[in-house]
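Chemist: Below is the structure I would like to discuss, written out as structure tokens.
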Amino acid sequence: LIITGLSGAGKSRAADVMEDLDYYCVDNMPVALMPRFAELCIATGGRYENVALVTDVREKNGFGELLKTIDQLQEMNCSVRILYMDADVRTIVRRYKESRRPHPLATRGTSIEDAVHKEMDLLAPIRERADFIVNSSNLTLGMLQNKLFSLFAPNGEKREIDVTVMSFGYKHGLPMEADLVFDVRFLPNPYYVEGLRQKTGNDIEIQDFVMQYKEAHEFLDKLEDMIKFLIPNYVTEGKTQLVISIGCTGGKHRSVTLANELYDRLKECSGYGIKIEHRDIGKDALRGK
């Protein structure tokens with residue numbers, strides 16, 4: 001895959017997404033080296049089967065040879081496609097103003113707008129030859145990711161998200177990786193019930209104690225509904241990991257029980273991976289309590 005297009009249109013972002021799709025990416029690959037690089041990839045016997053090469057106007061005098069090089073690669077039995085990253089002039093000018101970096105074609109006395117128009121003229125033959133043209137002007141990063149996944153992922157699958165349901169104890173501190181935090185200390189604490197202190201939310205006695213309260217069921221119903229609403233929206237925005245943290249005082253009884261209950265409700269949902277983690281369940285035992 002040849003990733004090219006206007007400077008500031010998102011070629012590096014596109015390369016990052018292609019890496020997530022298991023492409024081996026090389027930025028600013030000299031056009032003259034592409035056939036030799038392809039030979040090396042072929043010689044590995046499939047180890048580098050999917051390769052994305054990023055090239056742009058930093059490759060001096062390279063665009064005059066790029067189309068010839070693509071023909072040469074096809075003669076080597078390489079499947080070659082061109083992804084052209086595009087954007088409108090106003091968007092590119094704004095991005096360069098925000099980044100405070102010079103446009104590669106800008107010279108003293110030349111405006112960014114003039115440089116963009118010059119680049120458009122230089123790249124016109126490549127754009128006409130492109131297999132895919134993606135205009136990033138109005139795309140968020142998540143929208144760009146989803147667009148490229150729809151073009152290049154097997155069967156056009158959407159980007160997945162990994163969900164972790166984590167129990168924790170507030171006295172041990174908030175989880176650094178938490179995205180969503182829910183406090184279940186509003187429920188009665190089995191720690192103060194005779195015979196339950198040494199048990200955990202993985203034991204049926206604690207589960208029965210916590211789940212005997214209608215508030216626990218109402219909390220889970222509302223939480224499940226909200227999480228199922230949030231996940232597809234997080235995916236649309238490009239989020240790939242979601243940590244849902246449920247906390248009680250010690251992270252041993254109530255939080256473990258409710259984290260397990262939420263995990264059981266969510267694990268049947270398709271489209272994302274989910275796991276359960278009890279961060280602090282054994283810390284009281286280590287402290288002799």
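Simple scheme: letters A, B, ... for chains in structure tokens order, numbers from 1 for residues in each chain, numbers from 1 for ligands in the order shown.
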Could you write out, as number ranges by chain, all the residues of stretch 169-266 of chain A that DSSP marks as strand (DSSP E)?

Modeler: A: 169, 180-183, 241-248

Chemist: Got time to write the residues from that selection, all heavy atoms, as a CSV table (one decimal), in the first residue's frame?

Modeler:
```csv
chain,number,residue,atom,x,y,z
A,169,GLY,N,-10.4,-1.1,45.9
A,169,GLY,CA,-10.7,-0.5,47.2
A,169,GLY,C,-10.2,0.9,47.3
A,169,GLY,O,-9.1,1.2,46.9
A,180,LEU,N,-13.9,4.9,33.7
A,180,LEU,CA,-15.2,5.1,34.4
A,180,LEU,C,-15.1,4.6,35.8
A,180,LEU,O,-14.6,3.4,36.0
A,180,LEU,CB,-16.4,4.4,33.7
A,180,LEU,CG,-16.6,4.8,32.2
A,180,LEU,CD1,-17.7,4.0,31.6
A,180,LEU,CD2,-17.0,6.3,32.1
A,181,VAL,N,-15.5,5.3,36.8
A,181,VAL,CA,-15.4,4.9,38.2
A,181,VAL,C,-16.7,5.0,38.9
A,181,VAL,O,-17.4,6.0,38.8
A,181,VAL,CB,-14.3,5.8,39.0
A,181,VAL,CG1,-14.3,5.3,40.5
A,181,VAL,CG2,-13.0,5.7,38.4
A,182,PHE,N,-17.1,3.9,39.6
A,182,PHE,CA,-18.4,3.8,40.2
A,182,PHE,C,-18.2,3.4,41.7
A,182,PHE,O,-17.5,2.4,42.0
A,182,PHE,CB,-19.4,2.9,39.5
A,182,PHE,CG,-19.6,3.3,38.1
A,182,PHE,CD1,-18.9,2.8,37.0
A,182,PHE,CD2,-20.6,4.3,37.8
A,182,PHE,CE1,-19.1,3.2,35.7
A,182,PHE,CE2,-20.9,4.7,36.5
A,182,PHE,CZ,-20.1,4.1,35.5
A,183,ASP,N,-18.8,4.1,42.6
A,183,ASP,CA,-18.7,3.9,44.0
A,183,ASP,C,-19.9,3.1,44.6
A,183,ASP,O,-21.0,3.6,44.5
A,183,ASP,CB,-18.6,5.3,44.7
A,183,ASP,CG,-18.3,5.2,46.2
A,183,ASP,OD1,-18.4,4.1,46.8
A,183,ASP,OD2,-18.0,6.3,46.8
A,241,GLN,N,-9.6,0.8,24.3
A,241,GLN,CA,-9.6,0.2,25.6
A,241,GLN,C,-10.5,1.0,26.5
A,241,GLN,O,-10.5,2.2,26.6
A,241,GLN,CB,-8.2,0.1,26.2
A,241,GLN,CG,-7.3,-0.8,25.5
A,241,GLN,CD,-5.9,-0.8,26.1
A,241,GLN,OE1,-5.5,0.1,26.8
A,241,GLN,NE2,-5.2,-2.0,26.0
A,242,LEU,N,-11.3,0.2,27.3
A,242,LEU,CA,-12.2,0.9,28.3
A,242,LEU,C,-12.1,0.1,29.6
A,242,LEU,O,-12.3,-1.1,29.7
A,242,LEU,CB,-13.7,0.8,27.8
A,242,LEU,CG,-14.7,1.4,28.8
A,242,LEU,CD1,-14.5,2.8,29.0
A,242,LEU,CD2,-16.1,1.0,28.2
A,243,VAL,N,-11.8,0.8,30.7
A,243,VAL,CA,-11.6,0.2,32.0
A,243,VAL,C,-12.7,0.8,32.9
A,243,VAL,O,-12.8,2.0,33.2
A,243,VAL,CB,-10.3,0.5,32.6
A,243,VAL,CG1,-10.2,-0.1,34.0
A,243,VAL,CG2,-9.1,0.0,31.8
A,244,ILE,N,-13.7,-0.1,33.3
A,244,ILE,CA,-14.8,0.2,34.2
A,244,ILE,C,-14.4,-0.2,35.6
A,244,ILE,O,-14.3,-1.4,35.9
A,244,ILE,CB,-16.1,-0.5,33.7
A,244,ILE,CG1,-16.3,-0.2,32.2
A,244,ILE,CG2,-17.2,0.0,34.6
A,244,ILE,CD1,-17.4,-1.1,31.6
A,245,SER,N,-14.2,0.8,36.5
A,245,SER,CA,-13.8,0.5,37.8
A,245,SER,C,-14.9,0.6,38.8
A,245,SER,O,-15.6,1.6,38.8
A,245,SER,CB,-12.6,1.4,38.2
A,245,SER,OG,-11.5,1.1,37.4
A,246,ILE,N,-15.1,-0.4,39.6
A,246,ILE,CA,-16.2,-0.4,40.7
A,246,ILE,C,-15.5,-0.5,42.0
A,246,ILE,O,-14.7,-1.5,42.3
A,246,ILE,CB,-17.1,-1.6,40.4
A,246,ILE,CG1,-17.8,-1.4,39.1
A,246,ILE,CG2,-18.2,-1.6,41.6
A,246,ILE,CD1,-18.8,-2.5,38.7
A,247,GLY,N,-15.7,0.5,42.9
A,247,GLY,CA,-15.0,0.5,44.1
A,247,GLY,C,-15.8,0.5,45.4
A,247,GLY,O,-16.9,1.0,45.4
A,248,CYS,N,-15.3,-0.2,46.4
A,248,CYS,CA,-15.8,-0.2,47.8
A,248,CYS,C,-14.7,0.2,48.7
A,248,CYS,O,-13.6,0.6,48.3
A,248,CYS,CB,-16.5,-1.5,48.1
A,248,CYS,SG,-15.4,-2.9,48.2
```

Chemist: I want to know what sits within 10 Å of A:Ile276, based on only C-alpha atoms, with residues of the same chain fewer than 2 positions away left out; could you give that as a PyMOL selection string?

Modeler: chain A and resi 163-167+243-244+256+259-260+262-264+267+274+278-279

Chemist: List the neighbours of A:Arg129 out to 10 Å using only C-alpha atoms; skip same-chain residues closer than 6 positions along the sequence, and give me the result as a short mmCIF file (atom, residue, chain, number, x, y, z; two decimals) with N, CA, C and O atoms, in the first residue's frame.

Modeler:
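So result_4.cif came out as:
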```cif
data_model
loop_
_atom_site.label_atom_id
_atom_site.label_comp_id
_atom_site.auth_asym_id
_atom_site.auth_seq_id
_atom_site.Cartn_x
_atom_site.Cartn_y
_atom_site.Cartn_z
N LEU A 67 4.86 6.71 -10.31
CA LEU A 67 3.97 5.89 -11.13
C LEU A 67 4.74 4.81 -11.88
O LEU A 67 4.28 3.67 -12.03
N ARG A 81 -1.61 -0.90 -4.17
CA ARG A 81 -2.74 0.02 -4.13
C ARG A 81 -2.26 1.36 -3.60
O ARG A 81 -1.28 1.42 -2.83
N ILE A 82 -2.95 2.42 -3.98
CA ILE A 82 -2.57 3.77 -3.57
C ILE A 82 -3.68 4.35 -2.70
O ILE A 82 -4.84 4.40 -3.10
N LEU A 83 -3.31 4.76 -1.49
CA LEU A 83 -4.22 5.50 -0.60
C LEU A 83 -3.81 6.96 -0.63
O LEU A 83 -2.69 7.31 -0.21
N TYR A 84 -4.68 7.81 -1.13
CA TYR A 84 -4.39 9.24 -1.26
C TYR A 84 -5.14 9.98 -0.16
O TYR A 84 -6.38 9.99 -0.11
#
```

Chemist: Tell me which of A:Ile3, A:Val235, A:Leu187, A:Leu258 sits closest to A:Met143, counting only C-alpha atoms.

Modeler: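 Closest residue, counting only C-alpha atoms: A:Val235.
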
Chemist: Using the chain letters and numbers from this document, which residues of stretch 87-125 of chain A does DSSP assign to alpha helix (DSSP H), as an MDAnalysis selection string?

Modeler: chainID A and resid 89:99 112:125

Chemist: Can you pull out the residues contacting stretch 49-55 of chain A? Cut-off 7 Å, using only C-alpha atoms, and skip same-chain residues under 5 positions away; I want them as an MDAnalysis selection string.

Modeler: chainID A and resid 1:4 23:29

Chemist: Excluding same-chain residues fewer than 3 positions from A:Asp203, what lies within 12 Å of it counting only C-alpha atoms, as a PyMOL selection string?

Modeler: chain A and resi 190+196-200+206-210+252-254+256-257+260+281

Chemist: Selected residues, all heavy atoms, written as a compact mmCIF listing (two decimals), in the first residue's frame, please.

Modeler:
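Printed below is part.txt as written:
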```txt
# COMPACT_ATOMS: atom_id res chain seq x y z
N PRO A 190 -20.53 -6.05 54.23
CA PRO A 190 -20.45 -7.36 54.91
C PRO A 190 -19.23 -7.50 55.80
O PRO A 190 -19.14 -8.45 56.58
CB PRO A 190 -20.43 -8.36 53.75
CG PRO A 190 -19.91 -7.59 52.59
CD PRO A 190 -20.41 -6.19 52.77
N LEU A 196 -18.37 -13.13 57.91
CA LEU A 196 -18.23 -12.75 56.50
C LEU A 196 -16.95 -11.96 56.22
O LEU A 196 -16.56 -11.81 55.06
CB LEU A 196 -19.45 -11.92 56.04
CG LEU A 196 -20.80 -12.63 56.04
CD1 LEU A 196 -21.87 -11.70 55.48
CD2 LEU A 196 -20.76 -13.93 55.25
N ARG A 197 -16.31 -11.45 57.23
CA ARG A 197 -15.17 -10.56 57.04
C ARG A 197 -14.06 -11.22 56.21
O ARG A 197 -13.48 -10.58 55.33
CB ARG A 197 -14.61 -10.11 58.38
CG ARG A 197 -13.36 -9.25 58.27
CD ARG A 197 -12.91 -8.72 59.62
NE ARG A 197 -13.93 -7.87 60.23
CZ ARG A 197 -13.76 -7.23 61.37
NH1 ARG A 197 -12.62 -7.35 62.04
NH2 ARG A 197 -14.72 -6.47 61.87
N GLN A 198 -13.75 -12.47 56.46
CA GLN A 198 -12.63 -13.12 55.78
C GLN A 198 -12.98 -13.61 54.38
O GLN A 198 -12.09 -13.99 53.62
CB GLN A 198 -12.13 -14.30 56.63
CG GLN A 198 -11.66 -13.92 58.02
CD GLN A 198 -10.54 -12.90 57.99
OE1 GLN A 198 -9.68 -12.92 57.12
NE2 GLN A 198 -10.55 -11.97 58.97
N LYS A 199 -14.24 -13.60 54.03
CA LYS A 199 -14.66 -14.06 52.70
C LYS A 199 -14.58 -12.91 51.70
O LYS A 199 -14.36 -11.75 52.08
CB LYS A 199 -16.08 -14.64 52.76
CG LYS A 199 -16.17 -15.89 53.63
CD LYS A 199 -17.54 -16.51 53.58
CE LYS A 199 -17.62 -17.73 54.48
NZ LYS A 199 -16.70 -18.80 54.04
N THR A 200 -14.73 -13.23 50.42
CA THR A 200 -14.65 -12.22 49.36
C THR A 200 -15.89 -12.28 48.48
O THR A 200 -16.73 -13.19 48.62
CB THR A 200 -13.40 -12.45 48.47
OG1 THR A 200 -13.64 -13.56 47.59
CG2 THR A 200 -12.16 -12.71 49.30
N ILE A 206 -21.01 -13.95 50.39
CA ILE A 206 -20.91 -12.50 50.17
C ILE A 206 -21.85 -12.08 49.04
O ILE A 206 -22.54 -11.05 49.12
CB ILE A 206 -19.47 -12.08 49.85
CG1 ILE A 206 -18.55 -12.42 51.02
CG2 ILE A 206 -19.39 -10.59 49.53
CD1 ILE A 206 -18.88 -11.70 52.31
N GLN A 207 -21.90 -12.88 48.01
CA GLN A 207 -22.78 -12.56 46.88
C GLN A 207 -24.24 -12.51 47.34
O GLN A 207 -24.99 -11.59 46.97
CB GLN A 207 -22.60 -13.60 45.77
CG GLN A 207 -21.22 -13.59 45.15
CD GLN A 207 -20.94 -14.82 44.32
OE1 GLN A 207 -21.83 -15.61 44.03
NE2 GLN A 207 -19.68 -15.00 43.92
N ASP A 208 -24.64 -13.49 48.15
CA ASP A 208 -26.02 -13.50 48.65
C ASP A 208 -26.29 -12.29 49.54
O ASP A 208 -27.39 -11.69 49.48
CB ASP A 208 -26.28 -14.78 49.45
CG ASP A 208 -26.35 -16.02 48.56
OD1 ASP A 208 -26.51 -15.85 47.33
OD2 ASP A 208 -26.21 -17.14 49.09
N PHE A 209 -25.31 -11.91 50.37
CA PHE A 209 -25.50 -10.77 51.25
C PHE A 209 -25.68 -9.48 50.44
O PHE A 209 -26.61 -8.69 50.71
CB PHE A 209 -24.29 -10.63 52.18
CG PHE A 209 -24.38 -9.44 53.10
CD1 PHE A 209 -25.01 -9.56 54.34
CD2 PHE A 209 -23.86 -8.21 52.73
CE1 PHE A 209 -25.09 -8.45 55.19
CE2 PHE A 209 -23.95 -7.10 53.57
CZ PHE A 209 -24.57 -7.23 54.80
N VAL A 210 -24.78 -9.24 49.47
CA VAL A 210 -24.83 -8.00 48.70
C VAL A 210 -26.08 -7.94 47.82
O VAL A 210 -26.76 -6.91 47.75
CB VAL A 210 -23.55 -7.84 47.84
CG1 VAL A 210 -23.67 -6.63 46.91
CG2 VAL A 210 -22.33 -7.71 48.73
N LYS A 252 -12.84 -5.81 48.41
CA LYS A 252 -12.85 -7.25 48.70
C LYS A 252 -14.25 -7.86 48.63
O LYS A 252 -14.40 -9.01 48.23
CB LYS A 252 -12.27 -7.47 50.10
CG LYS A 252 -12.20 -8.90 50.57
CD LYS A 252 -11.57 -8.96 51.96
CE LYS A 252 -11.51 -10.38 52.49
NZ LYS A 252 -10.91 -10.44 53.84
N HIS A 253 -15.28 -7.08 49.01
CA HIS A 253 -16.62 -7.65 49.14
C HIS A 253 -17.60 -7.10 48.10
O HIS A 253 -17.89 -7.75 47.11
CB HIS A 253 -17.16 -7.41 50.55
CG HIS A 253 -16.34 -8.03 51.63
ND1 HIS A 253 -15.75 -7.31 52.65
CD2 HIS A 253 -16.01 -9.32 51.86
CE1 HIS A 253 -15.10 -8.13 53.46
NE2 HIS A 253 -15.24 -9.37 53.00
N ARG A 254 -18.10 -5.88 48.36
CA ARG A 254 -19.15 -5.31 47.51
C ARG A 254 -18.68 -5.07 46.08
O ARG A 254 -19.37 -5.42 45.11
CB ARG A 254 -19.65 -4.00 48.13
CG ARG A 254 -20.38 -4.19 49.45
CD ARG A 254 -20.53 -2.89 50.21
NE ARG A 254 -19.24 -2.39 50.70
CZ ARG A 254 -19.09 -1.26 51.38
NH1 ARG A 254 -20.14 -0.48 51.62
NH2 ARG A 254 -17.90 -0.89 51.81
N VAL A 256 -16.25 -6.45 44.41
CA VAL A 256 -15.97 -7.71 43.72
C VAL A 256 -17.27 -8.35 43.26
O VAL A 256 -17.40 -8.82 42.12
CB VAL A 256 -15.18 -8.68 44.63
CG1 VAL A 256 -15.06 -10.05 43.98
CG2 VAL A 256 -13.80 -8.10 44.94
N THR A 257 -18.27 -8.37 44.15
CA THR A 257 -19.56 -8.95 43.80
C THR A 257 -20.20 -8.25 42.61
O THR A 257 -20.62 -8.89 41.63
CB THR A 257 -20.52 -8.88 45.00
OG1 THR A 257 -19.98 -9.63 46.09
CG2 THR A 257 -21.89 -9.42 44.64
N ASN A 260 -18.31 -8.72 39.29
CA ASN A 260 -18.61 -10.03 38.72
C ASN A 260 -19.98 -10.05 38.04
O ASN A 260 -20.15 -10.61 36.95
CB ASN A 260 -18.56 -11.11 39.79
CG ASN A 260 -17.14 -11.47 40.22
OD1 ASN A 260 -16.20 -11.27 39.46
ND2 ASN A 260 -16.99 -11.99 41.42
N ILE A 281 -8.39 -7.53 45.88
CA ILE A 281 -9.12 -8.56 46.61
C ILE A 281 -8.29 -9.26 47.68
O ILE A 281 -8.80 -9.68 48.71
CB ILE A 281 -9.71 -9.60 45.61
CG1 ILE A 281 -10.73 -10.49 46.32
CG2 ILE A 281 -8.61 -10.41 44.96
CD1 ILE A 281 -11.50 -11.38 45.36
```
